[in-house]
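Reproduced below: protein11.csv, with CSV, C-alpha atoms.
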chain,number,residue,atom,x,y,z
K,25,MET,CA,-190.5,45.7,-101.9
K,26,GLN,CA,-190.5,43.3,-104.8
K,27,ILE,CA,-190.8,44.0,-108.5
K,28,GLU,CA,-193.2,41.4,-110.0
K,29,THR,CA,-193.0,42.5,-113.7
K,30,ASP,CA,-190.7,45.0,-115.4
K,31,GLU,CA,-190.9,46.1,-119.0
K,32,THR,CA,-189.9,49.1,-121.1
K,33,ILE,CA,-191.7,50.4,-124.1
K,34,PRO,CA,-190.9,53.1,-126.6
K,35,LEU,CA,-192.7,56.4,-126.8
K,36,ARG,CA,-192.1,58.1,-130.1
K,37,SER,CA,-195.5,59.0,-131.6
K,38,SER,CA,-199.1,59.5,-130.6
K,39,ASP,CA,-199.7,55.9,-131.7
K,40,ASP,CA,-197.2,54.9,-129.0
K,41,VAL,CA,-199.3,56.9,-126.5
K,42,VAL,CA,-202.2,54.7,-127.3
K,43,ARG,CA,-200.1,51.6,-126.9
K,44,VAL,CA,-198.8,52.9,-123.6
K,45,ARG,CA,-202.4,53.3,-122.4
K,46,GLN,CA,-203.2,49.7,-123.4
K,47,ALA,CA,-200.0,48.3,-121.7
K,48,VAL,CA,-200.6,50.3,-118.5
K,49,ARG,CA,-204.2,49.1,-118.4
K,50,ALA,CA,-203.1,45.4,-118.8
K,51,ARG,CA,-200.6,45.8,-115.9
K,52,ALA,CA,-203.1,47.6,-113.7
K,53,ILE,CA,-205.6,44.8,-114.3
K,54,GLY,CA,-202.8,42.2,-113.5
K,55,ALA,CA,-202.1,44.0,-110.2
K,56,GLY,CA,-205.8,43.7,-109.3
K,57,PHE,CA,-206.7,47.4,-109.6
K,58,SER,CA,-210.4,48.4,-109.4
K,59,LEU,CA,-211.8,49.9,-112.6
K,60,VAL,CA,-211.6,53.5,-111.1
K,61,ASP,CA,-207.9,52.9,-110.1
K,62,GLN,CA,-207.1,51.5,-113.6
K,63,THR,CA,-208.8,54.5,-115.2
K,64,LYS,CA,-206.8,56.9,-113.1
K,65,ILE,CA,-203.4,55.5,-113.8
K,66,VAL,CA,-204.1,55.0,-117.5
K,67,THR,CA,-205.2,58.6,-117.7
K,68,ALA,CA,-202.1,59.8,-115.9
K,69,ALA,CA,-200.0,57.7,-118.2
K,70,SER,CA,-201.7,59.2,-121.2
K,71,GLU,CA,-201.0,62.8,-120.0
K,72,ILE,CA,-197.3,62.2,-119.2
K,73,GLY,CA,-196.7,60.0,-122.2
K,74,ARG,CA,-198.0,62.7,-124.5
K,75,ASN,CA,-195.6,65.2,-122.8
K,76,THR,CA,-192.7,62.8,-123.4
K,77,VAL,CA,-193.6,62.7,-127.1
K,78,ASP,CA,-194.6,66.3,-127.6
K,79,TYR,CA,-192.2,68.2,-125.4
K,80,GLY,CA,-189.4,65.6,-124.8
K,81,GLY,CA,-189.0,64.6,-128.4
K,82,GLY,CA,-189.8,61.0,-127.5
K,83,GLY,CA,-188.4,58.6,-125.0
K,84,THR,CA,-189.4,55.5,-123.1
K,85,LEU,CA,-191.8,54.3,-120.5
K,86,ARG,CA,-190.8,51.7,-117.9
K,87,ILE,CA,-193.8,49.9,-116.3
K,88,GLU,CA,-193.2,48.0,-113.1
K,89,VAL,CA,-195.7,46.0,-111.0
K,90,LEU,CA,-194.7,46.3,-107.3
K,91,ARG,CA,-195.5,44.3,-104.3
K,92,ASP,CA,-194.9,45.6,-100.8
K,93,ARG,CA,-196.2,42.9,-98.4
K,94,GLU,CA,-200.0,42.9,-99.0
K,95,ARG,CA,-200.0,46.0,-101.2
K,96,ARG,CA,-199.6,46.0,-104.9
K,97,GLY,CA,-198.9,48.9,-107.1
K,98,VAL,CA,-197.9,50.1,-110.6
K,99,ARG,CA,-194.9,52.4,-111.0
K,100,LEU,CA,-194.4,54.3,-114.3
K,101,THR,CA,-191.1,55.9,-115.2
K,102,PHE,CA,-191.1,58.2,-118.3
K,103,THR,CA,-187.7,59.2,-119.6
K,104,ASP,CA,-186.7,61.5,-122.4
K,105,GLN,CA,-183.5,63.3,-123.5
K,106,GLY,CA,-185.4,66.4,-124.5
K,107,PRO,CA,-184.8,70.1,-123.6
K,108,GLY,CA,-185.9,69.6,-120.0
K,109,ILE,CA,-188.3,71.7,-118.0
K,110,PRO,CA,-186.8,75.1,-117.0
K,111,ASP,CA,-189.3,76.0,-114.4
K,112,LEU,CA,-190.7,72.9,-112.7
K,113,ALA,CA,-192.8,74.7,-110.2
K,114,ARG,CA,-194.7,76.5,-113.0
K,115,ALA,CA,-195.0,73.3,-115.0
K,116,MET,CA,-196.8,71.8,-112.1
K,117,THR,CA,-199.4,74.6,-112.0
K,118,ASP,CA,-202.9,74.1,-113.3
K,119,GLY,CA,-203.4,75.9,-116.6
K,120,TYR,CA,-199.7,76.6,-117.3
K,121,THR,CA,-198.6,75.4,-120.8
K,122,THR,CA,-195.8,76.2,-123.2
K,123,GLY,CA,-197.7,74.3,-125.9
K,124,ASP,CA,-201.3,74.5,-127.0
K,125,GLY,CA,-202.8,72.2,-124.4
K,126,LEU,CA,-204.9,72.9,-121.4
K,127,GLY,CA,-201.9,72.8,-119.0
K,128,LEU,CA,-203.5,70.1,-116.9
K,129,GLY,CA,-201.1,67.2,-117.9
K,130,MET,CA,-198.6,67.4,-115.1
K,131,SER,CA,-200.8,68.8,-112.3
K,132,GLY,CA,-203.6,66.4,-113.3
K,133,ALA,CA,-201.4,63.3,-113.5
K,134,LYS,CA,-200.0,64.2,-110.0
K,135,ARG,CA,-203.5,64.3,-108.6
K,136,LEU,CA,-204.3,60.9,-110.2
K,137,SER,CA,-201.2,59.3,-108.6
K,138,ASN,CA,-200.2,58.3,-105.0
K,139,GLU,CA,-196.5,59.1,-105.7
K,140,PHE,CA,-195.2,61.6,-108.2
K,141,GLU,CA,-191.7,62.8,-108.8
K,142,VAL,CA,-190.2,64.9,-111.6
K,143,LYS,CA,-186.4,65.2,-112.3
K,144,SER,CA,-185.4,67.5,-115.1
K,145,THR,CA,-182.1,69.0,-116.2
K,146,PRO,CA,-182.3,71.7,-118.9
K,147,GLY,CA,-180.6,70.4,-122.0
K,148,GLN,CA,-180.5,66.8,-120.8
K,149,GLY,CA,-184.0,65.6,-120.4
K,150,THR,CA,-186.8,64.8,-118.0
K,151,THR,CA,-187.8,61.8,-115.9
K,152,VAL,CA,-191.3,61.5,-114.4
K,153,ILE,CA,-191.9,58.7,-111.9
K,154,LEU,CA,-195.4,58.1,-110.7
K,155,ALA,CA,-197.0,55.3,-108.8
K,156,ARG,CA,-200.5,54.2,-107.8
K,157,TRP,CA,-201.2,51.6,-105.1
K,158,LYS,CA,-204.1,49.4,-104.9
E,127,MET,CA,-205.7,56.2,-140.6
E,128,ALA,CA,-209.1,54.9,-139.6
E,129,GLU,CA,-211.9,57.5,-139.7
E,130,ILE,CA,-214.7,57.9,-137.2
E,131,PRO,CA,-218.0,57.7,-139.1
E,132,ILE,CA,-220.4,60.6,-138.7
E,133,LEU,CA,-224.1,59.6,-139.2
E,134,LYS,CA,-226.9,62.0,-140.1
E,135,ILE,CA,-230.3,61.6,-138.4
E,136,GLY,CA,-232.7,64.3,-139.4
E,137,ASP,CA,-231.1,67.6,-138.5
E,138,CYS,CA,-228.6,65.9,-136.1
E,139,LEU,CA,-225.2,64.4,-136.5
E,140,LEU,CA,-224.3,61.3,-134.5
E,141,VAL,CA,-220.7,60.2,-133.7
E,142,SER,CA,-220.0,57.1,-131.8
E,143,ILE,CA,-216.3,56.8,-130.8
E,144,GLN,CA,-215.5,53.1,-130.8
E,145,VAL,CA,-211.7,53.2,-131.0
E,146,ASP,CA,-208.9,54.2,-128.6
E,147,MET,CA,-208.2,57.6,-130.1
E,148,HIS,CA,-204.7,58.9,-130.8
E,149,ASP,CA,-204.3,62.6,-130.9
E,150,ARG,CA,-204.4,63.1,-134.7
E,151,LEU,CA,-207.6,61.1,-135.0
E,152,ALA,CA,-209.2,63.4,-132.3
E,153,LEU,CA,-208.1,66.5,-134.3
E,154,ALA,CA,-209.4,65.0,-137.6
E,155,LEU,CA,-212.8,64.3,-136.0
E,156,GLN,CA,-213.0,67.9,-134.7
E,157,ASP,CA,-212.4,69.2,-138.3
E,158,ASP,CA,-214.7,66.7,-140.0
E,159,LEU,CA,-217.6,67.5,-137.6
E,160,THR,CA,-217.2,71.2,-138.0
E,161,GLU,CA,-217.4,70.8,-141.8
E,162,ARG,CA,-220.3,68.4,-141.6
E,163,ILE,CA,-222.3,70.8,-139.4
E,164,VAL,CA,-222.1,73.4,-142.1
E,165,ALA,CA,-222.6,71.0,-145.1
E,166,ASP,CA,-225.6,69.2,-143.6
E,167,HIS,CA,-227.1,72.3,-141.9
E,168,ALA,CA,-227.1,70.3,-138.7
E,169,ARG,CA,-228.7,71.8,-135.6
E,170,GLY,CA,-227.5,69.1,-133.1
E,171,VAL,CA,-224.4,67.0,-132.6
E,172,MET,CA,-224.4,63.9,-130.4
E,173,ILE,CA,-221.1,62.3,-129.4
E,174,ASP,CA,-221.3,58.9,-127.9
E,175,ILE,CA,-218.3,58.1,-125.7
E,176,SER,CA,-219.6,55.0,-124.0
E,177,ALA,CA,-216.8,52.9,-125.6
E,178,LEU,CA,-214.1,55.3,-124.4
E,179,GLU,CA,-212.1,53.9,-121.5
E,180,ILE,CA,-210.4,57.2,-120.7
E,181,VAL,CA,-210.9,60.8,-121.4
E,182,ASP,CA,-207.6,62.7,-120.9
E,183,SER,CA,-207.0,66.4,-121.2
E,184,PHE,CA,-206.5,66.1,-125.0
E,185,ILE,CA,-209.8,64.3,-125.6
E,186,GLY,CA,-211.5,66.6,-123.2
E,187,ARG,CA,-210.2,69.6,-125.1
E,188,MET,CA,-211.5,68.1,-128.3
E,189,LEU,CA,-215.0,67.7,-126.8
E,190,ASN,CA,-214.8,71.3,-125.5
E,191,ASN,CA,-213.7,72.6,-128.9
E,192,ILE,CA,-216.4,70.7,-130.8
E,193,ALA,CA,-219.0,72.1,-128.4
E,194,ALA,CA,-217.7,75.7,-128.8
E,195,MET,CA,-217.4,75.4,-132.6
E,196,SER,CA,-220.9,74.0,-133.0
E,197,ARG,CA,-222.3,76.8,-130.8
E,198,VAL,CA,-220.8,79.3,-133.1
E,199,LEU,CA,-222.3,77.5,-136.1
E,200,ASP,CA,-225.8,77.5,-134.3
E,201,ALA,CA,-225.8,73.8,-133.4
E,202,VAL,CA,-225.9,72.2,-130.0
E,203,THR,CA,-223.5,69.4,-128.9
E,204,VAL,CA,-224.4,66.8,-126.4
E,205,VAL,CA,-221.9,64.2,-125.1
E,206,VAL,CA,-223.5,60.9,-124.0
E,207,GLY,CA,-222.6,57.7,-122.4
E,208,MET,CA,-219.6,58.7,-120.2
E,209,ARG,CA,-218.5,55.8,-118.0
E,210,PRO,CA,-218.6,56.4,-114.2
E,211,ALA,CA,-214.9,55.7,-113.8
E,212,VAL,CA,-214.1,58.1,-116.6
E,213,ALA,CA,-216.3,60.8,-114.9
E,214,ILE,CA,-214.5,60.3,-111.6
E,215,THR,CA,-211.1,60.5,-113.2
E,216,LEU,CA,-212.0,63.6,-115.3
E,217,VAL,CA,-213.0,65.6,-112.2
E,218,GLU,CA,-209.8,64.6,-110.4
E,219,LEU,CA,-207.8,65.5,-113.4
E,220,GLY,CA,-209.3,69.0,-113.1
E,221,LEU,CA,-211.3,68.9,-116.3
E,222,GLY,CA,-214.8,70.1,-115.8
E,223,LEU,CA,-215.9,70.0,-119.4
E,224,THR,CA,-217.6,73.3,-118.8
E,225,GLY,CA,-219.6,74.3,-121.9
E,226,VAL,CA,-220.3,70.7,-122.9
E,227,ARG,CA,-223.8,69.4,-122.4
E,228,THR,CA,-224.0,65.8,-121.3
E,229,ALA,CA,-226.7,63.1,-121.1
E,230,LEU,CA,-226.7,59.6,-119.8
E,231,ASN,CA,-227.4,57.8,-123.0
E,232,VAL,CA,-228.3,58.3,-126.7
E,233,ASP,CA,-232.1,58.4,-126.0
E,234,LYS,CA,-231.8,61.1,-123.4
E,235,GLY,CA,-229.2,62.9,-125.5
E,236,LEU,CA,-231.5,63.1,-128.5
E,237,ALA,CA,-234.4,64.4,-126.3
E,238,LEU,CA,-232.1,67.0,-124.8
E,239,ILE,CA,-231.0,68.2,-128.3
E,240,ARG,CA,-234.6,68.4,-129.4
E,241,ARG,CA,-235.6,70.4,-126.3
E,242,ILE,CA,-232.8,72.9,-126.8
E,243,ILE,CA,-233.5,73.3,-130.5
E,244,ASP,CA,-237.2,73.7,-129.9
E,245,SER,CA,-236.8,76.3,-127.1
E,246,ASP,CA,-234.4,78.2,-129.4
E,247,SER,CA,-236.9,78.5,-132.2
E,248,LEU,CA,-239.6,79.5,-129.6
E,249,ASP,CA,-237.4,82.3,-128.5
E,250,ALA,CA,-236.8,83.3,-132.1
E,251,ASP,CA,-240.5,83.4,-132.8
E,252,ARG,CA,-241.1,85.7,-129.9
E,253,ASP,CA,-238.4,88.2,-131.1
Once you've parsed the file, please lay out its structure as structure tokens.
Amino acid sequence: MQIETDETIPLRSSDDVVRVRQAVRARAIGAGFSLVDQTKIVTAASEIGRNTVDYGGGGTLRIEVLRDRERRGVRLTFTDQGPGIPDLARAMTDGYTTGDGLGLGMSGAKRLSNEFEVKSTPGQGTTVILARWK
Amino acid sequence: MAEIPILKIGDCLLVSIQVDMHDRLALALQDDLTERIVADHARGVMIDISALEIVDSFIGRMLNNIAAMSRVLDAVTVVVGMRPAVAITLVELGLGLTGVRTALNVDKGLALIRRIIDSDSLDADRD
């Protein structure tokens, strides 16, 4: 598998979440995604990016465009050094939230992705890796 | 911070969201609309989202909230112009927008608001 482009952008504020949506959109277009596939990965990025800002205290997003023979994909890695997620299984449940949201962010973003992985260590931070293939 | 203009047409308020909304802007719109419903004695609110490239759970919640608040204030909210890719993504995200009336475009949205307001006043006349 080849990495065609690789960039990392900061995620500190809700303005950065807007910039993340635009950056992910641009890369998804570059990877030849259909409009529906673009919309799905941008929406997933918006959900997880907001979590990074609101719950993780800010962090970064790495955007990679991947090529695996004929297939192209976009992989997003969200990293923060926040408090971590104590109960991952619950965090992945529809409707569960510790904030004032709808509790659809994690579970919804997972449904919108082809690959989805969460690593979290309490007190050290959270990394969410998701990918969508064309 | 850029504001989203709210236009008054008769007894309806019209909002057309033309910018990629960050969360504070979405919350500000929710507050502004609620105040304007009362100040302008509005009976209908139409929100045009045809320029929105995504609706995530935060924006979805804002639309739900506006619909719920306007209902309490005796106004009806109709969301118009959702792009097909946005609709597909919303359903997969798990957000049904239950409680939000939708119409395909501004014309149909205004007609729907009119119909709901008129049937409300008919019911009131019968009581």
Query raised in the report: Which residues, written as a ChimeraX atom specification, have at least one atom at most 8 Å from Thr215 of chain E, with only C-alpha atoms counted and residues fewer than 2 positions away on the same chain left out?
Result: /K:60,63-64,67,136 /E:211-213,217-219
Query raised in the report: What is the atom CA of Glu28 of chain K to atom CA of Arg91 of chain K distance in Å?
Result: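 A separation of 6.8 Å between them.
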Query - chain K residues near chain E (12 Å cut-off, all atoms listed in the file) as a PyMOL selection string - result: chain K and resi 37-46+49+58-75+77-78+117-119+124-137
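Taking atom CA of Ile192 of chain E and atom CA of Val226 of chain E as the two end points, the separation is 8.8 Å.
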Query raised in the report: Between E:Ile135, E:Ile143, E:Leu189, E:Asp174, which one has atoms that come closest to Asp157 of chain E, using all atoms listed in the file?
Result: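 Among the listed residues, E:Leu189 lies closest to Asp157 of chain E.
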